[in-house]
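A.B. asks: My structure file work-v3.cif, mmCIF, N, CA and C atoms, is below:
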data_entry
loop_
_atom_site.label_atom_id
_atom_site.label_comp_id
_atom_site.auth_asym_id
_atom_site.auth_seq_id
_atom_site.Cartn_x
_atom_site.Cartn_y
_atom_site.Cartn_z
N MET B 1 15.02 4.82 1.81
CA MET B 1 13.81 5.61 1.77
C MET B 1 12.63 4.69 2.08
N ARG B 2 11.65 5.28 2.75
CA ARG B 2 10.48 4.49 3.13
C ARG B 2 9.20 5.18 2.68
N ALA B 3 8.16 4.36 2.60
CA ALA B 3 6.84 4.87 2.22
C ALA B 3 5.78 4.14 3.04
N ILE B 4 4.59 4.69 3.01
CA ILE B 4 3.43 4.11 3.68
C ILE B 4 2.44 3.68 2.62
N VAL B 5 1.97 2.43 2.72
CA VAL B 5 0.93 1.91 1.83
C VAL B 5 -0.31 1.68 2.68
N THR B 6 -1.43 2.25 2.26
CA THR B 6 -2.69 2.00 2.94
C THR B 6 -3.64 1.31 1.97
N VAL B 7 -4.38 0.35 2.51
CA VAL B 7 -5.36 -0.41 1.73
C VAL B 7 -6.64 -0.46 2.54
N MET B 8 -7.77 -0.13 1.90
CA MET B 8 -9.04 -0.16 2.62
C MET B 8 -10.18 -0.51 1.66
N GLY B 9 -11.08 -1.35 2.14
CA GLY B 9 -12.25 -1.72 1.34
C GLY B 9 -12.95 -2.91 1.95
N THR B 10 -13.94 -3.41 1.26
CA THR B 10 -14.67 -4.58 1.72
C THR B 10 -13.76 -5.80 1.70
N ASP B 11 -13.79 -6.57 2.79
CA ASP B 11 -12.91 -7.73 2.91
C ASP B 11 -13.27 -8.80 1.88
N LYS B 12 -12.22 -9.41 1.33
CA LYS B 12 -12.39 -10.55 0.41
C LYS B 12 -11.07 -11.30 0.35
N THR B 13 -11.12 -12.50 -0.12
CA THR B 13 -9.94 -13.34 -0.24
C THR B 13 -8.95 -12.75 -1.25
N GLY B 14 -7.67 -12.77 -0.90
CA GLY B 14 -6.62 -12.43 -1.84
C GLY B 14 -6.08 -11.02 -1.79
N ILE B 15 -6.63 -10.15 -0.95
CA ILE B 15 -6.15 -8.76 -0.93
C ILE B 15 -4.69 -8.70 -0.51
N ILE B 16 -4.35 -9.32 0.61
CA ILE B 16 -2.97 -9.27 1.10
C ILE B 16 -2.02 -9.90 0.08
N ALA B 17 -2.41 -11.04 -0.46
CA ALA B 17 -1.56 -11.72 -1.44
C ALA B 17 -1.33 -10.86 -2.68
N SER B 18 -2.37 -10.25 -3.19
CA SER B 18 -2.25 -9.43 -4.41
C SER B 18 -1.40 -8.18 -4.18
N VAL B 19 -1.63 -7.51 -3.06
CA VAL B 19 -0.87 -6.29 -2.78
C VAL B 19 0.59 -6.64 -2.50
N SER B 20 0.83 -7.69 -1.73
CA SER B 20 2.20 -8.11 -1.43
C SER B 20 2.95 -8.49 -2.70
N GLN B 21 2.30 -9.21 -3.60
CA GLN B 21 2.94 -9.61 -4.85
C GLN B 21 3.28 -8.39 -5.71
N ALA B 22 2.35 -7.44 -5.77
CA ALA B 22 2.60 -6.22 -6.55
C ALA B 22 3.80 -5.47 -5.98
N LEU B 23 3.86 -5.34 -4.67
CA LEU B 23 4.99 -4.65 -4.05
C LEU B 23 6.30 -5.37 -4.36
N ALA B 24 6.30 -6.68 -4.27
CA ALA B 24 7.50 -7.46 -4.60
C ALA B 24 7.91 -7.23 -6.06
N ASP B 25 6.93 -7.18 -6.96
CA ASP B 25 7.21 -6.94 -8.37
C ASP B 25 7.86 -5.57 -8.61
N PHE B 26 7.56 -4.61 -7.74
CA PHE B 26 8.15 -3.26 -7.83
C PHE B 26 9.46 -3.15 -7.05
N ASP B 27 9.97 -4.26 -6.50
CA ASP B 27 11.17 -4.27 -5.66
C ASP B 27 10.98 -3.46 -4.39
N ILE B 28 9.78 -3.52 -3.85
CA ILE B 28 9.45 -2.84 -2.60
C ILE B 28 9.37 -3.90 -1.50
N ASN B 29 10.13 -3.68 -0.43
CA ASN B 29 10.16 -4.61 0.69
C ASN B 29 9.24 -4.15 1.81
N ILE B 30 8.42 -5.05 2.33
CA ILE B 30 7.53 -4.73 3.45
C ILE B 30 8.34 -4.81 4.74
N LEU B 31 8.39 -3.70 5.48
CA LEU B 31 9.13 -3.64 6.73
C LEU B 31 8.23 -3.93 7.93
N ASP B 32 7.00 -3.45 7.87
CA ASP B 32 6.05 -3.65 8.97
C ASP B 32 4.65 -3.60 8.39
N ILE B 33 3.74 -4.32 9.02
CA ILE B 33 2.37 -4.39 8.51
C ILE B 33 1.40 -4.47 9.68
N ASN B 34 0.30 -3.76 9.54
CA ASN B 34 -0.78 -3.82 10.51
C ASN B 34 -2.06 -3.97 9.71
N GLN B 35 -2.81 -5.00 9.99
CA GLN B 35 -4.02 -5.30 9.22
C GLN B 35 -5.13 -5.70 10.17
N THR B 36 -6.33 -5.25 9.87
CA THR B 36 -7.49 -5.63 10.68
C THR B 36 -8.74 -5.62 9.81
N ILE B 37 -9.76 -6.27 10.30
CA ILE B 37 -11.07 -6.25 9.65
C ILE B 37 -12.07 -5.76 10.68
N MET B 38 -12.76 -4.67 10.36
CA MET B 38 -13.77 -4.10 11.25
C MET B 38 -15.12 -4.18 10.56
N GLN B 39 -15.98 -5.08 11.03
CA GLN B 39 -17.32 -5.25 10.46
C GLN B 39 -17.26 -5.38 8.94
N ASN B 40 -16.43 -6.30 8.46
CA ASN B 40 -16.26 -6.62 7.05
C ASN B 40 -15.52 -5.55 6.24
N ILE B 41 -14.96 -4.54 6.92
CA ILE B 41 -14.13 -3.53 6.25
C ILE B 41 -12.67 -3.88 6.51
N PHE B 42 -11.95 -4.17 5.43
CA PHE B 42 -10.54 -4.53 5.49
C PHE B 42 -9.71 -3.27 5.54
N THR B 43 -8.77 -3.19 6.48
CA THR B 43 -7.84 -2.07 6.55
C THR B 43 -6.43 -2.61 6.76
N MET B 44 -5.49 -2.04 6.04
CA MET B 44 -4.11 -2.47 6.18
C MET B 44 -3.20 -1.26 5.98
N ILE B 45 -2.20 -1.15 6.83
CA ILE B 45 -1.17 -0.12 6.70
C ILE B 45 0.17 -0.83 6.70
N MET B 46 0.98 -0.50 5.72
CA MET B 46 2.31 -1.10 5.60
C MET B 46 3.37 -0.01 5.59
N LEU B 47 4.46 -0.25 6.29
CA LEU B 47 5.66 0.56 6.16
C LEU B 47 6.57 -0.22 5.22
N VAL B 48 6.98 0.42 4.13
CA VAL B 48 7.75 -0.29 3.11
C VAL B 48 9.05 0.45 2.79
N ASP B 49 10.02 -0.32 2.31
CA ASP B 49 11.30 0.22 1.87
C ASP B 49 11.26 0.40 0.35
N ILE B 50 11.42 1.63 -0.10
CA ILE B 50 11.37 1.92 -1.54
C ILE B 50 12.75 2.26 -2.10
N SER B 51 13.80 1.88 -1.37
CA SER B 51 15.17 2.20 -1.79
C SER B 51 15.56 1.57 -3.13
N ASN B 52 14.97 0.43 -3.46
CA ASN B 52 15.39 -0.31 -4.66
C ASN B 52 14.44 -0.18 -5.85
N ILE B 53 13.47 0.73 -5.77
CA ILE B 53 12.53 0.84 -6.88
C ILE B 53 13.24 1.35 -8.13
N LYS B 54 12.77 0.87 -9.27
CA LYS B 54 13.38 1.24 -10.56
C LYS B 54 12.55 2.28 -11.31
N ARG B 55 11.38 2.62 -10.75
CA ARG B 55 10.46 3.57 -11.39
C ARG B 55 10.16 4.70 -10.42
N GLU B 56 9.56 5.74 -10.96
CA GLU B 56 9.12 6.85 -10.12
C GLU B 56 7.99 6.38 -9.20
N LEU B 57 7.95 6.90 -7.99
CA LEU B 57 6.92 6.52 -7.03
C LEU B 57 5.52 6.85 -7.56
N ALA B 58 5.39 7.94 -8.30
CA ALA B 58 4.09 8.33 -8.87
C ALA B 58 3.58 7.27 -9.85
N SER B 59 4.47 6.69 -10.61
CA SER B 59 4.09 5.63 -11.56
C SER B 59 3.63 4.37 -10.82
N ILE B 60 4.34 4.03 -9.77
CA ILE B 60 3.95 2.88 -8.95
C ILE B 60 2.61 3.14 -8.29
N ALA B 61 2.41 4.36 -7.81
CA ALA B 61 1.14 4.72 -7.17
C ALA B 61 -0.02 4.54 -8.15
N LYS B 62 0.19 4.92 -9.39
CA LYS B 62 -0.85 4.77 -10.42
C LYS B 62 -1.18 3.29 -10.64
N ASP B 63 -0.16 2.44 -10.70
CA ASP B 63 -0.39 1.01 -10.88
C ASP B 63 -1.07 0.38 -9.66
N LEU B 64 -0.70 0.84 -8.46
CA LEU B 64 -1.36 0.32 -7.26
C LEU B 64 -2.82 0.77 -7.20
N LYS B 65 -3.08 1.99 -7.65
CA LYS B 65 -4.46 2.46 -7.71
C LYS B 65 -5.28 1.58 -8.65
N ALA B 66 -4.71 1.23 -9.79
CA ALA B 66 -5.40 0.35 -10.75
C ALA B 66 -5.63 -1.04 -10.15
N LEU B 67 -4.64 -1.55 -9.43
CA LEU B 67 -4.82 -2.83 -8.75
C LEU B 67 -5.95 -2.73 -7.75
N GLY B 68 -5.99 -1.64 -7.01
CA GLY B 68 -7.07 -1.43 -6.04
C GLY B 68 -8.44 -1.43 -6.70
N GLU B 69 -8.54 -0.81 -7.85
CA GLU B 69 -9.81 -0.81 -8.57
C GLU B 69 -10.21 -2.22 -8.98
N LYS B 70 -9.24 -3.01 -9.40
CA LYS B 70 -9.50 -4.41 -9.76
C LYS B 70 -9.96 -5.22 -8.55
N LEU B 71 -9.34 -4.96 -7.39
CA LEU B 71 -9.68 -5.68 -6.16
C LEU B 71 -10.87 -5.06 -5.43
N GLU B 72 -11.33 -3.91 -5.92
CA GLU B 72 -12.42 -3.14 -5.31
C GLU B 72 -12.06 -2.65 -3.91
N VAL B 73 -10.80 -2.19 -3.78
CA VAL B 73 -10.31 -1.55 -2.57
C VAL B 73 -9.55 -0.30 -2.98
N GLN B 74 -9.23 0.54 -2.01
CA GLN B 74 -8.43 1.74 -2.27
C GLN B 74 -7.01 1.45 -1.81
N ILE B 75 -6.04 1.65 -2.69
CA ILE B 75 -4.63 1.47 -2.35
C ILE B 75 -3.91 2.79 -2.60
N ILE B 76 -3.24 3.28 -1.57
CA ILE B 76 -2.50 4.53 -1.67
C ILE B 76 -1.08 4.29 -1.16
N ILE B 77 -0.08 4.78 -1.90
CA ILE B 77 1.30 4.76 -1.43
C ILE B 77 1.78 6.20 -1.37
N GLN B 78 2.41 6.56 -0.24
CA GLN B 78 2.93 7.91 -0.05
C GLN B 78 4.31 7.81 0.56
N HIS B 79 5.20 8.70 0.12
CA HIS B 79 6.51 8.78 0.76
C HIS B 79 6.29 9.04 2.25
N GLU B 80 7.11 8.45 3.09
CA GLU B 80 6.95 8.57 4.54
C GLU B 80 6.90 10.01 5.01
N ASP B 81 7.73 10.88 4.43
CA ASP B 81 7.75 12.28 4.85
C ASP B 81 6.42 12.98 4.57
N ILE B 82 5.82 12.70 3.42
CA ILE B 82 4.53 13.29 3.08
C ILE B 82 3.45 12.76 4.01
N PHE B 83 3.46 11.44 4.24
CA PHE B 83 2.48 10.84 5.15
C PHE B 83 2.58 11.48 6.53
N ASN B 84 3.79 11.60 7.06
CA ASN B 84 3.97 12.16 8.39
C ASN B 84 3.53 13.63 8.44
N SER B 85 3.83 14.39 7.41
CA SER B 85 3.43 15.81 7.37
C SER B 85 1.92 15.95 7.36
N MET B 86 1.25 15.06 6.64
CA MET B 86 -0.21 15.13 6.52
C MET B 86 -0.92 14.72 7.80
N HIS B 87 -0.24 13.95 8.65
CA HIS B 87 -0.91 13.41 9.84
C HIS B 87 -0.39 13.98 11.14
N LYS B 88 0.27 15.13 11.07
CA LYS B 88 0.69 15.83 12.29
C LYS B 88 -0.46 16.69 12.79
N ILE B 89 -0.58 16.73 14.09
CA ILE B 89 -1.65 17.54 14.69
C ILE B 89 -1.06 18.85 15.18
#
Write the structure described by the file as structure tokens, please.

C.D. replies:
Amino acid sequence: MRAIVTVMGTDKTGIIASVSQALADFDINILDINQTIMQNIFTMIMLVDISNIKRELASIAKDLKALGEKLEVQIIIQHEDIFNSMHKI
């Protein structure tokens, strides 16, 4: 199973490290990553493997949201199917 993680906010040191460590702690593997900074706005989209998670995705999403608040960025994780359904034209 796969999910999409999006991170967005003002750029600062440690965002990638903090998010990557949190994902590793949840047994989530990063499969692909795209990251850019546009006029000091940090944006990152990750495709991740959630096959080995030990908790409900909703619980992980809540913890990632809290991490985002600490880092002053927005972090959202969505199951790949939900993400794809929301972004179809």

A.B. asks: For CA of Asp49 in chain B and CA of Asn29 in chain B, determine how far apart the two atoms are, in Å to one decimal place.

C.D. replies: 5.1 Å

A.B. asks: Measuring between all atoms listed in the file, which one of B:Ile77, B:Ala24, B:Ile30, B:Val48 shows the shortest distance to Ile60 in chain B?

C.D. replies: B:Ile77

A.B. asks: Could you write out, as a PyMOL selection string, all the residues of chain B that DSSP marks as strand (DSSP E or B)?

C.D. replies: chain B and resi 2-10+29-38+41-49+73-79

A.B. asks: Neighbours of His79 in chain B within 5 Å (all atoms listed in the file; same-chain residues fewer than 5 positions away dropped), as an NGL selection string?

C.D. replies: :B and (2-4)

A.B. asks: Would you compute the box with edges along x, y and z of the file around range 41-60 of chain B, including every atom the file lists for it and 6 Å extra on each side, and give its centre and edge lengths in Å to one decimal, as AutoDock Vina command-line options?

C.D. replies:
--center_x 0.3 --center_y 1.9 --center_z -2.3 --size_x 42.5 --size_y 24.9 --size_z 30.5

A.B. asks: Given the file shown, determine the residues that the PyMOL selection byres (((chain B and resi 11 and name CA) around 6) and name CA) selects; report them as an MDAnalysis selection string.

C.D. replies: chainID B and resid 10 12 40:42
